[in-house]
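Dropping coords.cif in here (mmCIF, C-alpha atoms):
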data_protein
loop_
_atom_site.label_atom_id
_atom_site.label_comp_id
_atom_site.auth_asym_id
_atom_site.auth_seq_id
_atom_site.Cartn_x
_atom_site.Cartn_y
_atom_site.Cartn_z
CA MET A 1460 113.73 170.49 127.15
CA HIS A 1461 116.51 169.91 124.66
CA VAL A 1462 117.23 172.78 122.31
CA VAL A 1463 117.69 170.36 119.45
CA ARG A 1464 118.71 166.76 119.19
CA GLY A 1465 122.44 166.66 119.84
CA GLY A 1466 122.58 170.45 120.22
CA ARG A 1467 123.39 170.91 123.90
CA GLN A 1468 127.11 170.39 123.44
CA LEU A 1469 127.13 172.59 120.35
CA ALA A 1470 125.24 175.30 122.22
CA ARG A 1471 127.93 175.36 124.90
CA THR A 1472 130.68 175.27 122.27
CA ARG A 1473 129.24 178.47 120.74
CA HIS A 1474 130.38 180.39 123.82
CA HIS A 1475 133.88 178.84 123.78
CA LEU A 1476 134.92 178.92 120.13
CA GLU A 1477 138.57 179.65 120.90
CA ALA A 1478 138.86 176.66 123.23
CA ALA A 1479 137.20 174.46 120.60
CA GLN A 1480 139.43 175.92 117.85
CA LEU A 1481 136.44 176.69 115.66
CA THR A 1482 135.31 179.73 113.75
CA GLU A 1483 131.75 180.97 113.81
CA SER A 1484 131.13 179.70 110.24
CA GLN A 1485 132.46 176.23 111.12
CA TRP A 1486 130.30 176.14 114.20
CA ARG A 1487 127.26 177.27 112.20
CA ARG A 1488 127.84 174.52 109.66
CA ALA A 1489 128.02 171.87 112.39
CA TRP A 1490 124.88 173.31 114.00
CA GLU A 1491 122.94 173.07 110.74
CA ALA A 1492 124.33 169.60 110.00
CA GLU A 1493 122.69 168.29 113.16
CA ARG A 1494 119.36 169.05 111.51
CA TRP A 1495 120.35 167.39 108.22
CA PHE A 1496 119.39 163.84 108.99
CA CYS A 1497 116.79 161.34 107.95
CA GLN A 1498 115.90 158.29 110.00
CA ALA A 1499 113.22 155.64 109.93
CA ASP A 1500 112.42 152.74 112.21
CA GLY A 1501 112.12 149.33 110.65
CA GLU A 1502 109.25 146.89 110.63
CA SER A 1503 109.43 143.11 110.41
CA GLY A 1504 107.69 141.67 107.39
CA LYS A 1505 108.38 144.65 105.14
CA ARG A 1506 110.71 144.25 102.21
CA TYR A 1507 114.30 144.26 103.52
CA GLY A 1508 113.02 145.22 106.98
CA ASN A 1509 112.24 148.90 106.29
CA GLU A 1510 109.71 150.56 104.02
CA THR A 1511 110.90 154.19 104.25
CA ILE A 1512 114.67 153.70 103.90
CA ARG A 1513 115.26 150.49 102.02
CA VAL A 1514 118.70 148.95 101.56
CA SER A 1515 118.95 145.90 99.30
CA PRO A 1516 121.45 143.08 99.94
CA ASP A 1517 123.75 144.48 97.22
CA GLY A 1518 123.89 147.92 98.93
CA GLU A 1519 121.37 149.92 96.90
CA VAL A 1520 119.69 152.66 98.99
CA SER A 1521 116.24 153.99 98.14
CA LEU A 1522 113.95 156.41 100.01
CA LYS A 1523 110.17 156.56 99.97
CA LEU A 1524 109.31 160.15 99.15
CA PRO A 1525 106.23 161.85 100.62
CA ALA A 1526 103.38 162.78 98.32
CA PRO A 1527 104.39 166.49 97.87
CA LEU A 1528 107.83 165.37 96.67
CA GLY A 1529 106.60 162.56 94.44
CA HIS A 1530 107.67 164.40 91.29
CA LEU A 1531 111.33 164.02 92.34
CA ALA A 1532 111.23 160.20 92.30
CA ASN A 1533 113.55 158.42 89.90
CA ALA A 1534 112.21 154.90 90.55
CA PRO A 1535 108.77 153.29 90.50
CA HIS A 1536 106.32 153.61 93.40
CA GLY A 1537 107.51 157.07 94.39
CA ARG A 1538 111.01 156.05 95.48
CA TYR A 1539 114.30 157.89 95.07
CA VAL A 1540 117.38 155.69 94.53
CA LEU A 1541 120.77 157.06 95.54
CA ALA A 1542 123.60 156.84 93.04
CA CYS A 1543 126.11 155.35 95.51
CA ARG A 1544 126.01 152.00 97.27
CA VAL A 1545 126.71 151.31 100.93
CA VAL A 1546 128.78 148.62 102.63
CA PHE A 1547 128.61 147.64 106.30
CA ALA A 1548 132.02 146.52 107.49
CA HIS A 1549 131.02 145.99 111.13
CA ARG A 1550 128.54 143.13 111.62
CA GLY A 1551 127.88 143.02 107.92
CA THR A 1552 126.91 139.34 107.99
CA GLU A 1553 124.32 139.90 110.72
CA TRP A 1554 122.85 142.80 108.75
CA ALA A 1555 122.69 140.66 105.61
CA ASP A 1556 120.94 137.87 107.52
CA ARG A 1557 118.27 140.26 108.79
CA VAL A 1558 117.78 141.78 105.35
CA ALA A 1559 117.35 138.34 103.81
CA ALA A 1560 114.79 137.40 106.48
CA ASN A 1561 112.92 140.77 106.20
CA ARG A 1562 113.59 141.57 109.85
CA ALA A 1563 113.20 145.10 111.24
CA ILE A 1564 116.24 147.38 110.73
CA ALA A 1565 116.36 151.08 111.62
CA TYR A 1566 118.43 153.43 109.39
CA ARG A 1567 119.74 156.95 109.90
CA LEU A 1568 121.31 159.18 107.23
CA HIS A 1569 123.50 161.97 108.66
CA LEU A 1570 126.33 164.29 107.62
CA ASP A 1571 129.73 164.16 109.28
CA THR A 1572 131.07 167.72 109.07
CA GLY A 1573 134.54 166.71 110.20
CA ARG A 1574 135.02 164.37 107.26
CA ASP A 1575 132.50 166.07 104.98
CA ARG A 1576 130.80 162.73 104.24
CA TRP A 1577 127.33 161.30 104.48
CA TYR A 1578 126.94 158.11 106.48
CA LEU A 1579 124.19 155.53 106.76
CA THR A 1580 123.85 153.86 110.16
CA ALA A 1581 121.90 150.63 110.61
CA SER A 1582 120.70 149.44 113.99
CA TRP A 1583 118.48 146.66 115.28
CA GLN A 1584 117.44 145.19 118.59
CA ILE A 1585 118.93 141.87 119.62
CA PRO A 1586 116.30 139.85 121.53
CA VAL A 1587 117.16 137.92 124.64
CA GLU A 1588 118.23 134.39 123.75
CA GLN A 1589 115.57 131.88 124.76
CA ARG A 1590 116.56 128.30 125.37
CA VAL A 1591 113.86 125.84 124.37
CA PRO A 1592 113.81 122.33 125.91
CA LEU A 1593 114.57 119.55 123.47
CA GLN A 1594 111.20 117.88 123.91
CA GLY A 1595 109.43 121.18 123.35
CA ALA A 1596 111.35 121.83 120.14
CA LEU A 1597 110.50 118.36 118.77
CA VAL A 1598 106.79 118.48 119.55
CA HIS A 1599 105.94 119.23 115.88
CA GLY A 1600 108.57 116.97 114.35
CA VAL A 1601 111.95 117.88 112.95
CA ILE A 1602 113.65 118.56 109.62
CA GLY A 1603 116.86 116.62 109.08
CA VAL A 1604 119.46 118.45 106.98
CA ASP A 1605 122.48 116.85 105.34
CA MET A 1606 125.17 119.37 104.33
CA ASN A 1607 127.01 118.72 101.07
CA ALA A 1608 129.46 120.50 98.84
CA ASP A 1609 126.81 121.99 96.54
CA HIS A 1610 123.41 121.60 98.21
CA LEU A 1611 121.47 120.96 101.40
CA ALA A 1612 119.38 117.78 101.44
CA ALA A 1613 116.42 118.05 103.82
CA TRP A 1614 113.52 115.81 104.79
CA ARG A 1615 110.68 116.43 107.22
CA LEU A 1616 109.99 113.79 109.90
CA ASP A 1617 106.98 113.49 112.16
CA VAL A 1618 107.14 112.97 115.93
CA HIS A 1619 107.52 109.19 115.43
CA GLY A 1620 110.51 109.53 113.09
CA ASN A 1621 108.65 108.70 109.88
CA PRO A 1622 109.52 110.71 106.73
CA MET A 1623 106.69 112.93 105.51
CA GLY A 1624 106.19 114.16 101.97
CA GLY A 1625 109.22 114.25 99.71
CA PRO A 1626 112.81 115.40 100.10
CA ARG A 1627 113.88 118.98 99.48
CA ARG A 1628 117.19 120.12 98.04
CA PHE A 1629 118.52 123.66 98.37
CA PHE A 1630 121.42 124.24 95.98
CA TYR A 1631 124.20 126.82 96.23
CA ASP A 1632 127.29 127.65 94.21
CA LEU A 1633 130.52 128.20 96.16
CA SER A 1634 132.58 129.43 93.22
CA GLY A 1635 133.47 133.07 92.70
CA THR A 1636 134.14 135.84 95.17
CA ARG A 1637 133.55 135.76 98.90
CA GLU A 1638 130.49 138.02 98.61
CA HIS A 1639 129.00 135.65 96.04
CA ARG A 1640 129.61 132.60 98.23
CA ASP A 1641 128.08 134.31 101.27
CA ALA A 1642 125.03 135.31 99.26
CA GLN A 1643 124.59 131.76 97.96
CA VAL A 1644 124.79 130.24 101.45
CA ARG A 1645 122.43 132.85 102.86
CA HIS A 1646 119.89 132.29 100.09
CA ALA A 1647 119.91 128.51 100.60
CA LEU A 1648 119.44 128.83 104.36
CA THR A 1649 116.68 131.38 103.90
CA ARG A 1650 114.72 128.98 101.70
CA LEU A 1651 115.28 126.20 104.21
CA LEU A 1652 113.96 128.26 107.13
CA HIS A 1653 110.99 129.51 105.12
CA TRP A 1654 110.06 125.92 104.31
CA ALA A 1655 110.38 124.97 107.99
CA ARG A 1656 108.08 127.81 109.02
CA SER A 1657 105.51 126.88 106.37
CA CYS A 1658 105.50 123.29 107.67
CA GLY A 1659 105.09 124.41 111.29
CA VAL A 1660 108.31 122.67 112.38
CA LYS A 1661 110.21 124.28 115.25
CA ALA A 1662 113.51 122.36 115.02
CA VAL A 1663 116.18 121.70 112.39
CA ALA A 1664 118.73 118.91 112.91
CA VAL A 1665 122.22 119.19 111.40
CA GLU A 1666 125.45 117.26 111.77
CA ASP A 1667 128.13 118.60 114.08
CA LEU A 1668 130.80 118.37 111.40
CA ASP A 1669 134.35 119.66 111.77
CA PHE A 1670 136.83 118.93 108.99
CA ALA A 1671 139.69 120.84 110.59
CA ALA A 1672 141.56 117.63 111.40
CA GLU A 1673 139.89 115.39 108.80
CA LYS A 1674 141.38 116.79 105.59
CA THR A 1675 145.05 116.09 106.13
CA ARG A 1676 147.18 113.98 103.83
CA GLU A 1677 148.13 111.69 106.71
CA LYS A 1678 144.48 110.62 107.04
CA HIS A 1679 143.35 110.39 103.41
CA GLY A 1680 146.67 109.84 101.64
CA ARG A 1681 146.74 110.86 97.98
CA ARG A 1682 143.00 111.21 97.60
CA ASN A 1683 143.37 114.77 96.40
CA ARG A 1684 139.89 115.17 94.94
CA PHE A 1685 138.24 113.96 98.13
CA ARG A 1686 140.40 116.26 100.23
CA GLN A 1687 139.50 119.20 98.03
CA LEU A 1688 135.82 118.26 98.31
CA ILE A 1689 135.71 118.27 102.10
CA SER A 1690 137.92 121.35 102.24
CA GLY A 1691 135.42 123.25 100.11
CA MET A 1692 132.44 122.37 102.32
CA PRO A 1693 131.70 125.43 104.48
CA THR A 1694 130.52 123.42 107.48
CA GLY A 1695 131.54 125.96 110.09
CA LYS A 1696 130.12 128.88 108.14
CA LEU A 1697 126.87 127.05 107.43
CA ARG A 1698 126.42 126.05 111.05
CA ALA A 1699 127.15 129.55 112.38
CA ARG A 1700 124.97 131.23 109.78
CA LEU A 1701 122.12 128.77 110.34
CA SER A 1702 122.25 129.34 114.11
CA SER A 1703 122.14 133.11 113.63
CA MET A 1704 119.29 133.08 111.14
CA ALA A 1705 117.26 130.43 112.95
CA ASP A 1706 117.43 132.42 116.19
CA GLN A 1707 115.73 135.34 114.43
CA THR A 1708 112.90 133.11 113.18
CA GLY A 1709 112.31 131.16 116.40
CA ILE A 1710 113.54 127.82 115.07
CA ALA A 1711 115.82 125.65 117.21
CA VAL A 1712 118.95 124.07 115.75
CA ILE A 1713 119.94 120.60 117.02
CA ALA A 1714 123.50 119.39 116.40
CA VAL A 1715 123.81 115.59 116.29
CA ASP A 1716 126.70 113.16 116.15
CA PRO A 1717 127.69 112.64 112.48
CA ALA A 1718 128.94 109.08 112.98
CA TYR A 1719 127.59 106.62 110.35
CA THR A 1720 124.65 108.82 109.34
CA SER A 1721 125.44 108.56 105.62
CA ARG A 1722 126.29 104.86 105.74
CA TRP A 1723 123.31 103.73 107.80
CA GLY A 1724 120.96 106.09 105.99
CA ALA A 1725 121.94 104.60 102.63
CA GLN A 1726 121.75 101.06 104.01
CA HIS A 1727 118.39 101.22 105.76
CA TRP A 1728 116.44 104.15 104.20
CA HIS A 1729 117.61 104.56 100.62
CA LYS A 1730 115.75 101.60 99.13
CA PRO A 1731 112.49 101.84 101.15
CA LEU A 1732 112.07 105.55 100.29
CA THR A 1733 112.75 105.11 96.55
CA THR A 1734 109.62 104.77 94.42
CA THR A 1735 108.83 104.76 90.72
CA THR A 1736 108.00 108.48 90.85
CA ARG A 1737 110.61 109.63 93.37
CA GLU A 1738 114.36 109.21 93.13
CA THR A 1739 115.94 109.19 96.57
CA THR A 1740 119.65 109.90 96.87
CA ARG A 1741 122.10 108.89 99.56
CA HIS A 1742 122.04 112.44 100.86
CA ASP A 1743 118.26 112.35 101.27
CA ALA A 1744 118.54 109.10 103.21
CA ALA A 1745 121.26 110.67 105.36
CA ALA A 1746 118.88 113.55 106.17
CA VAL A 1747 116.35 111.02 107.49
CA ALA A 1748 119.05 109.39 109.61
CA ILE A 1749 120.08 112.77 111.04
CA GLY A 1750 116.50 113.66 111.91
CA ARG A 1751 115.87 110.31 113.62
CA ARG A 1752 119.06 110.63 115.66
CA ALA A 1753 117.97 114.10 116.81
CA GLN A 1754 114.65 112.63 117.97
CA GLY A 1755 116.35 109.80 119.83
CA HIS A 1756 115.11 107.06 117.49
CA PRO A 1757 117.45 104.35 116.18
CA ILE A 1758 118.60 104.80 112.61
CA ARG A 1759 118.81 101.13 111.68
CA ARG A 1760 115.54 99.44 110.79
CA ARG A 1761 116.68 95.82 111.28
CA THR A 1762 117.10 93.66 114.34
CA THR A 1763 119.12 90.50 114.81
CA PRO A 1764 117.23 87.27 115.59
CA PRO A 1765 118.42 85.22 118.54
CA PRO A 1766 121.20 82.91 117.26
CA GLN A 1767 121.27 79.24 118.09
CA HIS A 1768 125.04 79.37 118.50
CA ARG A 1769 127.84 81.93 118.61
CA SER A 1770 128.88 81.69 114.98
CA ASP A 1771 127.79 84.05 112.22
CA ALA A 1772 125.40 81.62 110.56
CA VAL A 1773 122.38 83.79 111.37
CA GLY A 1774 122.22 86.98 109.34
CA HIS A 1775 120.01 90.03 109.60
CA ARG A 1776 116.37 89.93 108.73
CA THR A 1777 113.59 92.51 108.67
CA VAL A 1778 111.04 92.30 111.48
CA GLN A 1779 108.24 93.65 109.30
CA ALA A 1780 106.85 90.95 107.01
CA ARG A 1781 105.85 91.61 103.45
CA PRO A 1782 102.16 92.38 102.81
CA GLY A 1783 101.75 89.35 100.54
CA VAL A 1784 103.03 86.75 103.00
CA PRO A 1785 100.06 84.56 104.08
CA GLY A 1786 99.62 84.00 107.79
CA ARG A 1787 102.33 86.47 108.71
CA GLU A 1788 100.55 87.47 111.92
CA GLY A 1789 100.33 83.92 113.31
CA THR A 1790 102.77 81.24 114.36
CA ARG A 1791 104.13 78.68 111.96
CA PRO A 1792 102.23 75.37 112.41
CA ARG A 1793 104.15 72.19 113.16
CA ILE A 1794 103.28 69.55 110.55
CA PRO A 1795 104.24 66.01 111.56
CA GLY A 1796 106.14 64.08 108.96
CA PRO A 1797 109.58 63.17 107.73
CA ARG A 1798 110.86 66.78 107.94
CA THR A 1799 110.02 66.96 111.65
CA ARG A 1800 111.38 63.50 112.44
CA SER A 1801 107.86 62.04 112.67
CA VAL A 1802 106.67 64.10 115.63
CA PRO A 1803 103.27 62.83 116.76
CA PRO A 1804 100.32 65.15 116.34
CA GLY A 1805 99.82 67.52 119.29
CA ARG A 1806 103.39 67.33 120.56
CA GLY A 1807 104.54 70.54 118.85
CA ALA A 1808 101.47 72.69 119.28
CA ASN A 1809 103.26 75.35 121.28
CA ALA A 1810 106.68 74.91 119.74
CA GLY A 1811 106.33 78.11 117.69
CA ASN A 1812 104.96 80.19 120.58
CA GLN A 1813 108.00 81.39 122.48
CA ASN A 1814 105.86 83.28 124.98
CA ALA A 1815 104.19 80.07 126.22
CA GLN A 1816 107.54 78.60 127.23
CA HIS A 1817 109.71 79.57 130.15
CA ARG A 1818 112.11 81.68 128.15
CA PRO A 1819 113.16 85.21 129.02
CA GLY A 1820 111.98 88.00 126.73
CA ARG A 1821 109.51 88.06 123.91
CA SER A 1822 110.18 87.13 120.32
CA ALA A 1823 110.13 89.95 117.79
CA GLU A 1824 108.16 87.94 115.21
CA HIS A 1825 105.05 87.66 117.42
CA GLU A 1826 104.72 91.28 118.43
CA SER A 1827 101.68 93.13 117.19
CA TRP A 1828 102.38 95.55 114.40
CA GLN A 1829 100.53 97.62 111.87
CA GLN A 1830 101.46 97.96 108.24
CA ASP A 1831 101.89 101.54 107.05
CA SER A 1832 102.73 103.21 103.79
CA LEU A 1833 106.02 104.35 105.29
CA PRO A 1834 108.34 102.29 107.51
CA LEU A 1835 107.63 102.77 111.18
CA SER A 1836 110.22 103.12 113.89
CA LEU A 1837 110.90 100.03 115.93
#
I'd like the structure from this file rewritten - as structure tokens, please.
Amino acid sequence: MHVVRGGRQLARTRHHLEAAQLTESQWRRAWEAERWFCQADGESGKRYGNETIRVSPDGEVSLKLPAPLGHLANAPHGRYVLACRVVFAHRGTEWADRVAANRAIAYRLHLDTGRDRWYLTASWQIPVEQRVPLQGALVHGVIGVDMNADHLAAWRLDVHGNPMGGPRRFFYDLSGTREHRDAQVRHALTRLLHWARSCGVKAVAVEDLDFAAEKTREKHGRRNRFRQLISGMPTGKLRARLSSMADQTGIAVIAVDPAYTSRWGAQHWHKPLTTTTRETTRHDAAAVAIGRRAQGHPIRRRTTPPPQHRSDAVGHRTVQARPGVPGREGTRPRIPGPRTRSVPPGRGANAGNQNAQHRPGRSAEHESWQQDSLPLSL
């Protein structure tokens, strides 16, 4: 059995003080310091990941005193708050992410006799990374997230790519010190992941943005304000922080191609999702486009009719007819008369039915469809 935790080496050093260049009083102090420690294992779900030794995101340390020492507490609920604050230089961002998510963190307070200082050590267990198949991550839908300079625009989509509920916006302020910016980003991502868990969604889709080569003067010329805008967007930091925090909560992160998501989202989803009681922005529409691309659905809601010639006379039209159009589910009847060059009755009975003729493919107008409150994927 061990004499004391960490005492075997000190017990041998006691018999070789000259070789260790220590006096008996120095050795005695180190021997007693090994007993001057306080440690507590963490527990997920508790405030800041530990109930006994609690460290807040700003570095405040408080201890939960036992009942016999309750009269020594200087804070509510029988807690003793230390006068100094702690800072974790090594893996400080990972510690802050776990504290924000209330994940288990173990702490140990001990005295370093060589430096005559007290130290607080934080430790946690890193789980084995589990790779989830894409289809398994999208079984409960997805949340599309559009990253912007001052907020995250998010919208929940079902398994068919239809937007559900209303959009969510998580704001952050990137002005001030680095610690303030990190705290703002962490707080926004924490709210996003908490909303995803409350909805039961197991996947979050984001754009794979990289402005390293997209903010030069050769590309954007003298557009200084736009260059400053994209330079201030912490895309890399947001993506890395989201991946780290989502891994702790069991939510998969899907990176999609950012090409034309904002343009096509504003063109095809901005107007249909805007109502009298809900104002939809271009960023909200881009979030829908990002989520649909992650699910493998097309972003654009319109199809091109078959042209009668190779010119651009035929424009785009929506396949879904308006609810008030009479006879929208049937074919257009052929009425003989001057407009049809006096076609006799019965000659054009099947002229509107493309499926009855020997033509390849089926026409989009005659497919069965069902009107819904939200636009369906085609």
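Atom CA of Ala1478 of chain A is positioned 23.5 Å from atom CA of Leu1570 of chain A.
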Can you pull out the residues contacting segment 1712-1728 of chain A? Cut-off 6 Å, using all atoms listed in the file, and skip same-chain residues under 2 positions away; I want them as an NGL selection string.
:A and (1662-1667 or 1730-1731 or 1741 or 1744-1745 or 1748 or 1759)
By how many Å are atom CA of Val1514 of chain A and atom CA of His1610 of chain A apart?
28.0 Å
Got a sec to resolve the PyMOL selection byres ((chain A and resi 1652) around 9) on this structure and send the residues as a VMD selection string?
chain A and resid 1647 to 1651 1653 to 1657 1663 1701 1704 to 1705 1708 1710
Would you compute an axis-aligned box for segment 1750-1761 of chain A, covering every atom listed for it in the file with 4 Å of margin on each side, and report centre and edge lengths in Å to one decimal as JSON?
{"center_x": 116.9, "center_y": 105.0, "center_z": 115.3, "size_x": 12.4, "size_y": 26.3, "size_z": 17.0}
Give as a ChimeraX atom specification the residues that the PyMOL selection byres ((chain A and resi 1594-1605) around 6) matches when applied to the coordinates above.
/A:1592-1593,1606,1611-1618,1660-1665,1746-1747,1749-1750
If I take atom CA of Leu1732 of chain A and atom CA of Gly1624 of chain A, how far is one from the other in Å, to one decimal?
10.6 Å
